[in-house]
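Engineer: This is the structure I want to talk about, given as structure tokens.
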Amino acid sequence: MSHWISGYGSSSGPEGKSGSKGKVNSNEPTVLIIGAGTFGTSTAYHLAHQYRDPSKVTIVDRADSPPKPAAAVDINRVVRTDYAKPLYSNLAYEAWHAWYWSGELQQYFHKVGWIMMDDTDDSSLSNAIRRQFVDRGYDPTEDIPLEDIETKWDGIMKGTDLQDFKNAYFNEETGWCDAAGATHRFMQIATGKGVNRVSTDVTEIILSDDQSSVLGVKTADGKELKADKVLIAAGSWTSSLLSPLEDTLSISVEDRTENQLRAIGVLQIYYPVSSQEVQRLEKAKMPVVIYGQKGEVLPPSSKNKLLKYTHNQSFTNSVTTQSGAKITAPVGTAYKNQTDDIPDSLKSEAEAGVLSRLLPEFTKGKKPDHWRVCYDARSPTEDFLICKYPHKGVSNLFVASGGSSHSYKFLPNAGKYVLNVLNGKSNGKEKDEAWAWKEQGWDARDRTPEQPKLGAWAPKRDLKDVGTKSKL
Ligand SMILES: Cc1cc2nc3c(=O)[nH]c(=O)nc-3n(C[C@H](O)[C@H](O)[C@H](O)COP(=O)(O)OP(=O)(O)OC[C@H]3O[C@@H](n4cnc5c(N)ncnc54)[C@H](O)[C@@H]3O)c2cc1C
């Protein structure tokens, strides 16, 4: 079965069909978004506001809203403006404004501050971030002497192992958000305005016979969804979704998506806390705690009652596709794949690296409620990848991905910039260059002097190196 998406509103199909808000005559091109995580949801939200007929927009995800397998969906994500690069600091302030002030998002945001402990050799990371604040003309950070850490915040950090750390700073503006709630809310706003939300697995991208454009996608339930423009916002599945198309187009290894984005996995650990412990941590004003490059721990809420740790030692899952292409991809497509069968060696690493060392009072002698390997698409420079698919003259295929473990906070504003790319407009030289398809691909990493960054999340090993048989 094949159908044009939404209000039959293809520029080549019948026009003027009504959206959910009544009859609207519109020549707006139909848009099909694959993936309802951060980039897809944000784009749907902004299209819903820009389009006169939002029913011409369809967003597909394999899971219902909020899609649990997405990196965009979790009990919490950090919202910070602490960046070394002005581009992302500016962008983060723009997003922070929405998190803090907008009626749509402020209920999901908790401005608890963060303490950032630095374990880089020369404190280059915290220095670069704090210099960036000074250069902007407003510095919200303050030094926290390491010797004060165990006693500040009513002693909740007592026993934390600080031997690898050189210094620490506190920024009261940073906080965390309920990422499942906010993602769902943004989707509800988009669908409320008429955007179509479809829950199904996209199995194939359909090329036109002359290979000059894509017509749409095939889905697991045997349907075809067609549109004038197709945006791939499939996060860590972006490379695996585009790989068969790249086979058909005979795209060389160095020009493939895999050379722009790698799927990386990171282990998150969720400890149960009692209502009394939640109260104690709230009373102590527990901030987000960044444990240098090793990991982090986020405060619980009375709703989730979970203390969430992250162990930053990331990894890839290398697979060979049926056609022989070597790519990285998450293990499986379901949330269950992310929580089950986690290798014991990964758990032991997390135990030794973070769980026994950071706020140990809350982990000692306790068992986690659950573990999750969460995946994201990482670009060589940690920049987004928001661009037209550049190869073989395919005219209407676009990519918005490359979250690189830091992009959830841009839920409010990322889509605004994706829209410009969909409309063939520039986002300005700096953003266009940063978010473009990288000519040197993954090699750019070796050629670009790396900015100091938060977390050592660059993948240095593969799942098979930690004792697991890798699979798609
Ligand atoms: C462990 C971890 C911690 C993080 N912490 C933070 C943080 O504290 N702060 C922050 O700002 N950012 C954080 N991030 C980064 C942020 O979550 C991601 O950068 C962001 O969510 C990426 O958005 P995305 O849209 O590219 O992908 P996702 O959010 O993963 O969404 C992709 C969606 O595409 C769907 N999909 C894929 N393929 C198909 C298909 N074939 N058919 C149908 N649907 C499909 C998936 O189901 C999924 O819903 C973290 C990331 C990780 C992994």
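As shown in the structure tokens, the chain order sets the letters A, B, ...; within each chain, residues go from 1, and ligands are also counted from 1 in the order they appear.
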Can you build me a table of chain A residues sitting at most 6 Å from ligand 1, with the closest atom pair per residue and its distance in Å to one decimal, using only C-alpha atoms and all ligand atoms, sorted by chain and residue number, as a Markdown table?
Structural biologist:
```
| residue | atom | partner | partner_atom_place_in_ligand_line | distance |
| --- | --- | --- | --- | --- |
| A:Ile34 | CA | ligand 1 | 44 (N) | 5.8 |
| A:Gly35 | CA | ligand 1 | 34 (O) | 3.3 |
| A:Ala36 | CA | ligand 1 | 49 (O) | 4.8 |
| A:Gly37 | CA | ligand 1 | 31 (O) | 3.2 |
| A:Thr38 | CA | ligand 1 | 25 (O) | 3.8 |
| A:Phe39 | CA | ligand 1 | 25 (O) | 3.9 |
| A:Gly40 | CA | ligand 1 | 25 (O) | 5.5 |
| A:Val60 | CA | ligand 1 | 43 (C) | 5.8 |
| A:Asp61 | CA | ligand 1 | 44 (N) | 3.6 |
| A:Arg62 | CA | ligand 1 | 43 (C) | 3.9 |
| A:Ala63 | CA | ligand 1 | 47 (O) | 5.8 |
| A:Pro67 | CA | ligand 1 | 49 (O) | 4.9 |
| A:Pro69 | CA | ligand 1 | 47 (O) | 5.3 |
| A:Ala70 | CA | ligand 1 | 30 (O) | 3.6 |
| A:Ala71 | CA | ligand 1 | 30 (O) | 3.8 |
| A:Ala72 | CA | ligand 1 | 21 (O) | 3.6 |
| A:Arg77 | CA | ligand 1 | 8 (O) | 3.6 |
| A:Val78 | CA | ligand 1 | 8 (O) | 3.5 |
| A:Val79 | CA | ligand 1 | 9 (N) | 5.6 |
| A:Thr200 | CA | ligand 1 | 43 (C) | 5.9 |
| A:Asp201 | CA | ligand 1 | 42 (N) | 3.8 |
| A:Val202 | CA | ligand 1 | 42 (N) | 3.7 |
| A:Thr203 | CA | ligand 1 | 41 (N) | 5.6 |
| A:Ala233 | CA | ligand 1 | 25 (O) | 5.4 |
| A:Ala234 | CA | ligand 1 | 34 (O) | 3.6 |
| A:Gly235 | CA | ligand 1 | 27 (O) | 3.3 |
| A:Ser236 | CA | ligand 1 | 30 (O) | 5.9 |
| A:Trp237 | CA | ligand 1 | 38 (N) | 4.9 |
| A:Leu241 | CA | ligand 1 | 41 (N) | 5.9 |
| A:Val266 | CA | ligand 1 | 1 (C) | 4.9 |
| A:Cys374 | CA | ligand 1 | 53 (C) | 4.5 |
| A:Tyr375 | CA | ligand 1 | 53 (C) | 4.3 |
| A:Asp376 | CA | ligand 1 | 53 (C) | 4.6 |
| A:Ser401 | CA | ligand 1 | 26 (O) | 4.2 |
| A:Gly402 | CA | ligand 1 | 26 (O) | 5.9 |
| A:Gly403 | CA | ligand 1 | 19 (O) | 3.2 |
| A:Ser404 | CA | ligand 1 | 19 (O) | 5.2 |
| A:Ser405 | CA | ligand 1 | 15 (C) | 3.6 |
| A:His406 | CA | ligand 1 | 12 (N) | 3.5 |
| A:Ser407 | CA | ligand 1 | 19 (O) | 3.8 |
| A:Tyr408 | CA | ligand 1 | 11 (O) | 3.5 |
| A:Lys409 | CA | ligand 1 | 11 (O) | 3.8 |
```
Engineer: Deliver the residues from the most recent selection as a file, using C-alpha atoms, as an mmCIF file, in the first residue's frame.
Structural biologist:
```
data_model
loop_
_atom_site.group_PDB
_atom_site.id
_atom_site.type_symbol
_atom_site.label_atom_id
_atom_site.label_comp_id
_atom_site.auth_asym_id
_atom_site.auth_seq_id
_atom_site.Cartn_x
_atom_site.Cartn_y
_atom_site.Cartn_z
ATOM 1 C CA ILE A 34 12.230 9.612 10.366
ATOM 2 C CA GLY A 35 12.921 9.528 14.096
ATOM 3 C CA ALA A 36 11.087 11.303 16.923
ATOM 4 C CA GLY A 37 14.052 11.889 19.219
ATOM 5 C CA THR A 38 15.610 15.297 19.865
ATOM 6 C CA PHE A 39 16.208 16.462 16.304
ATOM 7 C CA GLY A 40 13.050 14.924 14.808
ATOM 8 C CA VAL A 60 7.633 8.360 12.159
ATOM 9 C CA ASP A 61 9.238 6.519 15.033
ATOM 10 C CA ARG A 62 9.382 2.830 15.753
ATOM 11 C CA ALA A 63 8.141 3.501 19.293
ATOM 12 C CA PRO A 67 10.039 6.756 22.204
ATOM 13 C CA PRO A 69 14.837 3.680 22.698
ATOM 14 C CA ALA A 70 15.734 7.320 21.902
ATOM 15 C CA ALA A 71 18.612 9.115 23.585
ATOM 16 C CA ALA A 72 16.024 11.886 23.883
ATOM 17 C CA ARG A 77 19.273 15.034 30.912
ATOM 18 C CA VAL A 78 21.638 17.860 31.837
ATOM 19 C CA VAL A 79 20.796 21.335 30.553
ATOM 20 C CA THR A 200 6.261 2.015 12.873
ATOM 21 C CA ASP A 201 9.711 0.825 11.918
ATOM 22 C CA VAL A 202 11.156 2.340 8.751
ATOM 23 C CA THR A 203 12.815 -0.480 6.842
ATOM 24 C CA ALA A 233 16.718 12.083 12.258
ATOM 25 C CA ALA A 234 17.367 8.517 13.349
ATOM 26 C CA GLY A 235 20.070 9.269 15.925
ATOM 27 C CA SER A 236 22.458 6.365 16.440
ATOM 28 C CA TRP A 237 20.572 4.363 13.775
ATOM 29 C CA LEU A 241 19.314 3.212 7.996
ATOM 30 C CA VAL A 266 27.390 4.655 27.199
ATOM 31 C CA CYS A 374 22.091 4.469 25.771
ATOM 32 C CA TYR A 375 23.315 5.198 22.247
ATOM 33 C CA ASP A 376 23.939 8.407 20.359
ATOM 34 C CA SER A 401 21.846 13.966 13.661
ATOM 35 C CA GLY A 402 25.255 13.949 15.348
ATOM 36 C CA GLY A 403 24.000 14.655 18.850
ATOM 37 C CA SER A 404 27.439 13.589 20.136
ATOM 38 C CA SER A 405 26.212 13.002 23.691
ATOM 39 C CA HIS A 406 25.364 16.654 24.347
ATOM 40 C CA SER A 407 22.400 17.677 22.214
ATOM 41 C CA TYR A 408 19.248 16.961 24.183
ATOM 42 C CA LYS A 409 19.267 20.422 25.711
#
```
Engineer: Show which residues sit within 12 Å of A:Arg131, as a short mmCIF file (atom, residue, chain, number, x, y, z; two decimals) with C-alpha atoms, in the first residue's frame. Count only C-alpha atoms, and ignore same-chain residues fewer than 4 positions away.
Structural biologist:
```cif
data_model
loop_
_atom_site.label_atom_id
_atom_site.label_comp_id
_atom_site.auth_asym_id
_atom_site.auth_seq_id
_atom_site.Cartn_x
_atom_site.Cartn_y
_atom_site.Cartn_z
CA ASP A 82 28.87 25.47 29.98
CA TYR A 83 30.62 25.11 26.65
CA ALA A 84 34.10 25.99 25.48
CA LYS A 85 32.93 26.83 21.96
CA PRO A 86 30.99 30.10 21.59
CA SER A 89 27.36 28.35 24.36
CA SER A 123 42.51 21.88 33.97
CA SER A 124 42.10 22.80 30.32
CA LEU A 125 38.47 21.81 30.23
CA SER A 126 37.13 23.94 33.07
CA ASN A 127 39.48 26.80 32.17
CA ASP A 135 34.48 36.51 27.26
CA ARG A 136 30.69 36.73 27.04
CA GLY A 137 30.74 39.35 29.79
CA TYR A 138 28.91 37.37 32.46
CA ASP A 139 30.47 34.61 34.51
CA PRO A 140 28.00 32.60 36.64
CA THR A 141 30.69 30.23 37.95
CA PRO A 452 38.45 20.87 25.24
#
```
Engineer: Any idea what's packed within 8 Å of stretch 41-46 of chain A, counting only C-alpha atoms, ignoring anything in its chain fewer than 3 positions away? Could you give it as a tab-separated table (two decimals) with C-alpha atoms, in the first residue's frame?
Structural biologist:
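Once everything was written out, this is part-v4.tsv:
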```
chain	number	residue	atom	x	y	z
A	33	ILE	CA	10.72	12.96	9.38
A	35	GLY	CA	12.92	9.53	14.10
A	36	ALA	CA	11.09	11.30	16.92
A	37	GLY	CA	14.05	11.89	19.22
A	38	THR	CA	15.61	15.30	19.87
A	49	HIS	CA	4.52	26.50	13.94
A	50	GLN	CA	5.87	27.54	10.54
A	57	VAL	CA	4.28	17.00	8.07
A	58	THR	CA	4.57	13.39	9.22
A	59	ILE	CA	6.98	12.09	11.84
A	183	THR	CA	10.03	15.23	24.48
A	186	PHE	CA	6.87	18.93	22.37
A	187	MET	CA	5.40	16.11	20.28
A	189	ILE	CA	2.22	20.41	20.72
A	190	ALA	CA	3.24	19.43	17.18
A	195	VAL	CA	1.44	17.11	12.47
A	411	LEU	CA	15.25	20.27	21.94
A	412	PRO	CA	13.68	23.76	22.04
A	413	ASN	CA	15.75	25.28	19.25
A	414	ALA	CA	17.57	22.67	17.09
A	415	GLY	CA	14.57	22.26	14.79
A	416	LYS	CA	14.54	25.96	13.98
A	418	VAL	CA	16.92	22.23	10.62
A	419	LEU	CA	14.03	24.10	8.99
```
Engineer: How far is it from atom CA of A:Ala352 to atom CA of A:Glu147, in Å with one decimal?
Structural biologist: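 Distance between the two atoms: 22.4 Å.
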Engineer: What is the atom CA of A:Asp341-atom CA of A:Arg378 distance in Å, reported with one decimal?
Structural biologist: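 Atom CA of A:Asp341 sits 23.4 Å away from atom CA of A:Arg378.
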Engineer: Would you please give, as an mmCIF file with N, CA and C atoms, in the first residue's frame, all residues of stretch 151-339 of chain A that DSSP assigns to strand (DSSP E or B) based on the backbone?
Structural biologist:
```cif
data_model
loop_
_atom_site.group_PDB
_atom_site.id
_atom_site.type_symbol
_atom_site.label_atom_id
_atom_site.label_comp_id
_atom_site.auth_asym_id
_atom_site.auth_seq_id
_atom_site.Cartn_x
_atom_site.Cartn_y
_atom_site.Cartn_z
ATOM 1 N N ASN A 167 40.739 20.664 40.328
ATOM 2 C CA ASN A 167 39.908 21.762 40.829
ATOM 3 C C ASN A 167 38.447 21.484 40.514
ATOM 4 N N ALA A 168 37.600 22.373 40.990
ATOM 5 C CA ALA A 168 36.163 22.214 40.732
ATOM 6 C C ALA A 168 35.526 23.594 40.680
ATOM 7 N N TYR A 169 34.453 23.706 39.912
ATOM 8 C CA TYR A 169 33.696 24.960 39.948
ATOM 9 C C TYR A 169 32.209 24.645 40.006
ATOM 10 N N PHE A 170 31.440 25.652 40.436
ATOM 11 C CA PHE A 170 29.984 25.504 40.537
ATOM 12 C C PHE A 170 29.324 26.532 39.637
ATOM 13 N N ASN A 171 28.288 26.123 38.926
ATOM 14 C CA ASN A 171 27.490 27.056 38.121
ATOM 15 C C ASN A 171 26.035 26.861 38.502
ATOM 16 N N GLY A 175 21.277 22.805 35.202
ATOM 17 C CA GLY A 175 20.295 21.961 35.861
ATOM 18 C C GLY A 175 20.006 20.718 35.057
ATOM 19 N N TRP A 176 18.888 20.097 35.384
ATOM 20 C CA TRP A 176 18.506 18.900 34.639
ATOM 21 C C TRP A 176 17.037 19.015 34.249
ATOM 22 N N CYS A 177 16.671 18.240 33.238
ATOM 23 C CA CYS A 177 15.272 18.258 32.814
ATOM 24 C C CYS A 177 14.746 16.834 32.721
ATOM 25 N N ASN A 196 1.292 14.784 11.758
ATOM 26 C CA ASN A 196 0.942 13.367 11.902
ATOM 27 C C ASN A 196 2.076 12.629 12.594
ATOM 28 N N ARG A 197 1.728 11.808 13.585
ATOM 29 C CA ARG A 197 2.741 10.992 14.277
ATOM 30 C C ARG A 197 2.415 9.539 14.001
ATOM 31 N N VAL A 198 3.366 8.803 13.379
ATOM 32 C CA VAL A 198 3.142 7.403 13.024
ATOM 33 C C VAL A 198 4.132 6.538 13.802
ATOM 34 N N SER A 199 3.650 5.437 14.400
ATOM 35 C CA SER A 199 4.542 4.514 15.113
ATOM 36 C C SER A 199 4.770 3.271 14.274
ATOM 37 N N VAL A 202 10.814 2.064 10.151
ATOM 38 C CA VAL A 202 11.156 2.340 8.751
ATOM 39 C C VAL A 202 12.204 1.325 8.318
ATOM 40 N N THR A 203 11.916 0.603 7.244
ATOM 41 C CA THR A 203 12.815 -0.480 6.842
ATOM 42 C C THR A 203 13.647 -0.120 5.609
ATOM 43 N N GLU A 204 13.182 0.848 4.836
ATOM 44 C CA GLU A 204 13.893 1.135 3.581
ATOM 45 C C GLU A 204 13.581 2.547 3.111
ATOM 46 N N ILE A 205 14.564 3.164 2.512
ATOM 47 C CA ILE A 205 14.334 4.469 1.885
ATOM 48 C C ILE A 205 14.117 4.213 0.390
ATOM 49 N N ILE A 206 13.043 4.778 -0.163
ATOM 50 C CA ILE A 206 12.704 4.475 -1.566
ATOM 51 C C ILE A 206 13.303 5.536 -2.488
ATOM 52 N N LEU A 207 14.102 5.058 -3.429
ATOM 53 C CA LEU A 207 14.715 5.952 -4.430
ATOM 54 C C LEU A 207 13.819 6.047 -5.653
ATOM 55 N N VAL A 214 14.562 10.884 -3.436
ATOM 56 C CA VAL A 214 13.916 9.802 -2.691
ATOM 57 C C VAL A 214 12.420 10.080 -2.700
ATOM 58 N N LEU A 215 11.649 9.000 -2.782
ATOM 59 C CA LEU A 215 10.192 9.147 -2.849
ATOM 60 C C LEU A 215 9.573 9.083 -1.469
ATOM 61 N N GLY A 216 10.226 8.396 -0.561
ATOM 62 C CA GLY A 216 9.692 8.210 0.777
ATOM 63 C C GLY A 216 10.340 6.993 1.402
ATOM 64 N N VAL A 217 9.558 6.276 2.223
ATOM 65 C CA VAL A 217 10.123 5.114 2.908
ATOM 66 C C VAL A 217 9.130 3.948 2.908
ATOM 67 N N LYS A 218 9.688 2.756 3.080
ATOM 68 C CA LYS A 218 8.856 1.575 3.337
ATOM 69 C C LYS A 218 8.892 1.309 4.840
ATOM 70 N N THR A 219 7.786 0.780 5.343
ATOM 71 C CA THR A 219 7.722 0.518 6.780
ATOM 72 C C THR A 219 7.515 -0.969 7.051
ATOM 73 N N GLU A 224 3.965 2.294 2.482
ATOM 74 C CA GLU A 224 4.928 3.264 1.964
ATOM 75 C C GLU A 224 4.448 4.639 2.381
ATOM 76 N N LEU A 225 5.360 5.435 2.898
ATOM 77 C CA LEU A 225 5.050 6.826 3.226
ATOM 78 C C LEU A 225 5.853 7.683 2.268
ATOM 79 N N LYS A 226 5.182 8.563 1.548
ATOM 80 C CA LYS A 226 5.888 9.357 0.542
ATOM 81 C C LYS A 226 5.810 10.841 0.878
ATOM 82 N N LYS A 229 9.957 15.983 0.802
ATOM 83 C CA LYS A 229 11.267 16.056 1.462
ATOM 84 C C LYS A 229 11.318 15.011 2.564
ATOM 85 N N VAL A 230 12.445 14.337 2.664
ATOM 86 C CA VAL A 230 12.599 13.311 3.699
ATOM 87 C C VAL A 230 13.792 13.694 4.587
ATOM 88 N N LEU A 231 13.536 13.755 5.894
ATOM 89 C CA LEU A 231 14.593 14.096 6.857
ATOM 90 C C LEU A 231 14.905 12.866 7.694
ATOM 91 N N ILE A 232 16.157 12.447 7.680
ATOM 92 C CA ILE A 232 16.578 11.324 8.522
ATOM 93 C C ILE A 232 17.084 11.906 9.849
ATOM 94 N N ARG A 262 29.311 7.954 14.142
ATOM 95 C CA ARG A 262 29.441 6.606 14.693
ATOM 96 C C ARG A 262 28.460 6.458 15.848
ATOM 97 N N ALA A 263 27.844 5.292 15.907
ATOM 98 C CA ALA A 263 26.935 5.014 17.017
ATOM 99 C C ALA A 263 27.776 4.643 18.226
ATOM 100 N N ILE A 264 27.641 5.411 19.302
ATOM 101 C CA ILE A 264 28.400 5.057 20.510
ATOM 102 C C ILE A 264 27.452 4.766 21.668
ATOM 103 N N GLY A 265 27.842 3.800 22.467
ATOM 104 C CA GLY A 265 27.035 3.419 23.625
ATOM 105 C C GLY A 265 27.706 3.863 24.913
ATOM 106 N N VAL A 266 26.894 4.239 25.884
ATOM 107 C CA VAL A 266 27.390 4.655 27.199
ATOM 108 C C VAL A 266 26.485 4.018 28.248
ATOM 109 N N LEU A 267 27.090 3.574 29.339
ATOM 110 C CA LEU A 267 26.320 2.880 30.376
ATOM 111 C C LEU A 267 25.768 3.859 31.416
ATOM 112 N N GLN A 268 24.484 3.737 31.658
ATOM 113 C CA GLN A 268 23.829 4.532 32.711
ATOM 114 C C GLN A 268 23.290 3.578 33.770
ATOM 115 N N ILE A 269 23.378 4.008 35.033
ATOM 116 C CA ILE A 269 23.029 3.126 36.145
ATOM 117 C C ILE A 269 22.049 3.876 37.048
ATOM 118 N N TYR A 270 20.939 3.217 37.370
ATOM 119 C CA TYR A 270 19.849 3.876 38.096
ATOM 120 C C TYR A 270 19.687 3.215 39.465
ATOM 121 N N TYR A 271 19.989 3.992 40.533
ATOM 122 C CA TYR A 271 19.857 3.465 41.900
ATOM 123 C C TYR A 271 18.548 3.933 42.529
ATOM 124 N N PRO A 272 17.834 3.011 43.167
ATOM 125 C CA PRO A 272 16.605 3.441 43.856
ATOM 126 C C PRO A 272 16.936 4.246 45.107
ATOM 127 N N VAL A 288 23.699 18.749 39.950
ATOM 128 C CA VAL A 288 24.259 17.767 39.012
ATOM 129 C C VAL A 288 25.751 17.685 39.334
ATOM 130 N N VAL A 289 26.290 16.472 39.423
ATOM 131 C CA VAL A 289 27.707 16.337 39.784
ATOM 132 C C VAL A 289 28.465 15.727 38.605
ATOM 133 N N ILE A 290 29.383 16.504 38.048
ATOM 134 C CA ILE A 290 30.201 16.010 36.936
ATOM 135 C C ILE A 290 31.520 15.519 37.521
ATOM 136 N N TYR A 291 31.753 14.232 37.382
ATOM 137 C CA TYR A 291 32.936 13.593 37.973
ATOM 138 C C TYR A 291 34.035 13.555 36.908
ATOM 139 N N GLY A 295 32.570 10.362 34.688
ATOM 140 C CA GLY A 295 31.128 10.142 34.684
ATOM 141 C C GLY A 295 30.391 11.265 35.376
ATOM 142 N N GLU A 296 29.183 10.971 35.824
ATOM 143 C CA GLU A 296 28.372 11.997 36.477
ATOM 144 C C GLU A 296 27.254 11.334 37.265
ATOM 145 N N VAL A 297 26.628 12.118 38.146
ATOM 146 C CA VAL A 297 25.434 11.627 38.832
ATOM 147 C C VAL A 297 24.425 12.770 38.899
ATOM 148 N N LEU A 298 23.166 12.433 38.622
ATOM 149 C CA LEU A 298 22.101 13.435 38.608
ATOM 150 C C LEU A 298 21.151 13.206 39.772
ATOM 151 N N LEU A 306 15.022 7.943 41.592
ATOM 152 C CA LEU A 306 16.201 7.239 41.081
ATOM 153 C C LEU A 306 17.383 8.199 41.014
ATOM 154 N N LEU A 307 18.513 7.707 41.489
ATOM 155 C CA LEU A 307 19.751 8.462 41.390
ATOM 156 C C LEU A 307 20.467 7.909 40.154
ATOM 157 N N LYS A 308 20.660 8.751 39.146
ATOM 158 C CA LYS A 308 21.191 8.218 37.881
ATOM 159 C C LYS A 308 22.672 8.541 37.699
ATOM 160 N N TYR A 309 23.468 7.477 37.583
ATOM 161 C CA TYR A 309 24.899 7.617 37.317
ATOM 162 C C TYR A 309 25.162 7.345 35.836
ATOM 163 N N THR A 310 26.206 7.967 35.316
ATOM 164 C CA THR A 310 26.687 7.655 33.967
ATOM 165 C C THR A 310 28.170 7.333 34.060
ATOM 166 N N HIS A 311 28.578 6.285 33.374
ATOM 167 C CA HIS A 311 29.996 5.949 33.304
ATOM 168 C C HIS A 311 30.447 6.246 31.889
ATOM 169 N N ASN A 312 31.365 7.206 31.747
ATOM 170 C CA ASN A 312 31.647 7.759 30.415
ATOM 171 C C ASN A 312 32.462 6.881 29.467
ATOM 172 N N GLN A 313 32.909 5.718 29.905
ATOM 173 C CA GLN A 313 33.774 4.908 29.024
ATOM 174 C C GLN A 313 32.948 4.309 27.891
ATOM 175 N N SER A 314 32.883 5.024 26.799
ATOM 176 C CA SER A 314 31.970 4.637 25.722
ATOM 177 C C SER A 314 32.568 3.547 24.835
ATOM 178 N N PHE A 315 31.725 3.007 23.974
ATOM 179 C CA PHE A 315 32.174 1.953 23.054
ATOM 180 C C PHE A 315 31.292 1.969 21.815
ATOM 181 N N THR A 316 31.797 1.337 20.787
ATOM 182 C CA THR A 316 30.992 1.150 19.582
ATOM 183 C C THR A 316 30.526 -0.305 19.527
ATOM 184 N N SER A 318 30.449 -2.672 16.419
ATOM 185 C CA SER A 318 30.737 -2.779 14.980
ATOM 186 C C SER A 318 30.008 -3.973 14.392
ATOM 187 N N VAL A 319 29.406 -3.760 13.260
ATOM 188 C CA VAL A 319 28.677 -4.845 12.588
ATOM 189 C C VAL A 319 28.987 -4.803 11.092
ATOM 190 N N THR A 320 28.774 -5.940 10.473
ATOM 191 C CA THR A 320 28.900 -5.994 9.018
ATOM 192 C C THR A 320 27.511 -6.243 8.458
ATOM 193 N N LYS A 326 30.838 -2.197 6.589
ATOM 194 C CA LYS A 326 31.202 -2.202 8.011
ATOM 195 C C LYS A 326 30.712 -0.897 8.641
ATOM 196 N N ILE A 327 29.800 -1.056 9.587
ATOM 197 C CA ILE A 327 29.217 0.129 10.227
ATOM 198 C C ILE A 327 29.149 -0.063 11.743
ATOM 199 N N THR A 328 28.781 1.021 12.422
ATOM 200 C CA THR A 328 28.487 0.917 13.855
ATOM 201 C C THR A 328 26.985 1.110 14.038
#
```
Engineer: For A:Ala436, list every protein, DNA or RNA residue within 10 Å, evaluated using only C-alpha atoms, and leave out those in the same chain fewer than 5 positions away; present the list as a PDB file with C-alpha atoms, in the first residue's frame.
Structural biologist:
```pdb
ATOM      1  CA  GLN A 260      30.393  11.148   9.427  1.00  0.00           C
ATOM      2  CA  ASP A 383      29.253  19.132  15.949  1.00  0.00           C
ATOM      3  CA  PHE A 384      25.727  18.349  14.753  1.00  0.00           C
ATOM      4  CA  LEU A 385      25.260  17.017  11.242  1.00  0.00           C
ATOM      5  CA  ILE A 386      22.405  19.056   9.765  1.00  0.00           C
ATOM      6  CA  CYS A 387      22.596  19.134   5.993  1.00  0.00           C
ATOM      7  CA  LYS A 388      21.281  17.940   2.685  1.00  0.00           C
ATOM      8  CA  TYR A 389      22.510  14.470   1.827  1.00  0.00           C
ATOM      9  CA  PRO A 390      25.348  15.490  -0.444  1.00  0.00           C
ATOM     10  CA  VAL A 399      20.050  14.490   7.697  1.00  0.00           C
ATOM     11  CA  LYS A 431      26.754  27.047  11.778  1.00  0.00           C
TER      12      LYS A 431
END
```
Engineer: Between atom CA of A:Ser323 and atom CA of A:Glu258, what is the distance in Å, rounded to a tenth?
Structural biologist: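 Going from atom CA of A:Ser323 over to atom CA of A:Glu258 covers 14.5 Å.
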Engineer: Write out as a VMD selection string which residues come within 12 Å of A:His110 when counting only C-alpha atoms, dropping same-chain ones fewer than 2 positions away.
Structural biologist: chain A and resid 76 to 80 96 99 to 101 105 to 108 112 to 114 172 to 179 282 285 to 288 298 to 301
Engineer: Which one of A:Gly441, A:Ser302, A:Arg52, A:Asn337 sits closest to A:Val253 if you count only C-alpha atoms?
Structural biologist: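 Of A:Gly441, A:Ser302, A:Arg52, A:Asn337, the one nearest A:Val253 is A:Gly441, counting only C-alpha atoms.
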Engineer: Would you please extract all helix (DSSP H, G or I) residues from stretch 7-246 of chain A, as assigned by DSSP on the backbone, and give them as a PyMOL selection string?
Structural biologist: chain A and resi 38-50+54-56+86-101+106-108+124-136+146-148+153-155+179-192+235-246
Engineer: So, with only C-alpha atoms as the atoms that count, which of A:Lys68, A:Lys347, A:Arg256, A:Lys438 lies closest to A:His370?
Structural biologist: A:Lys347
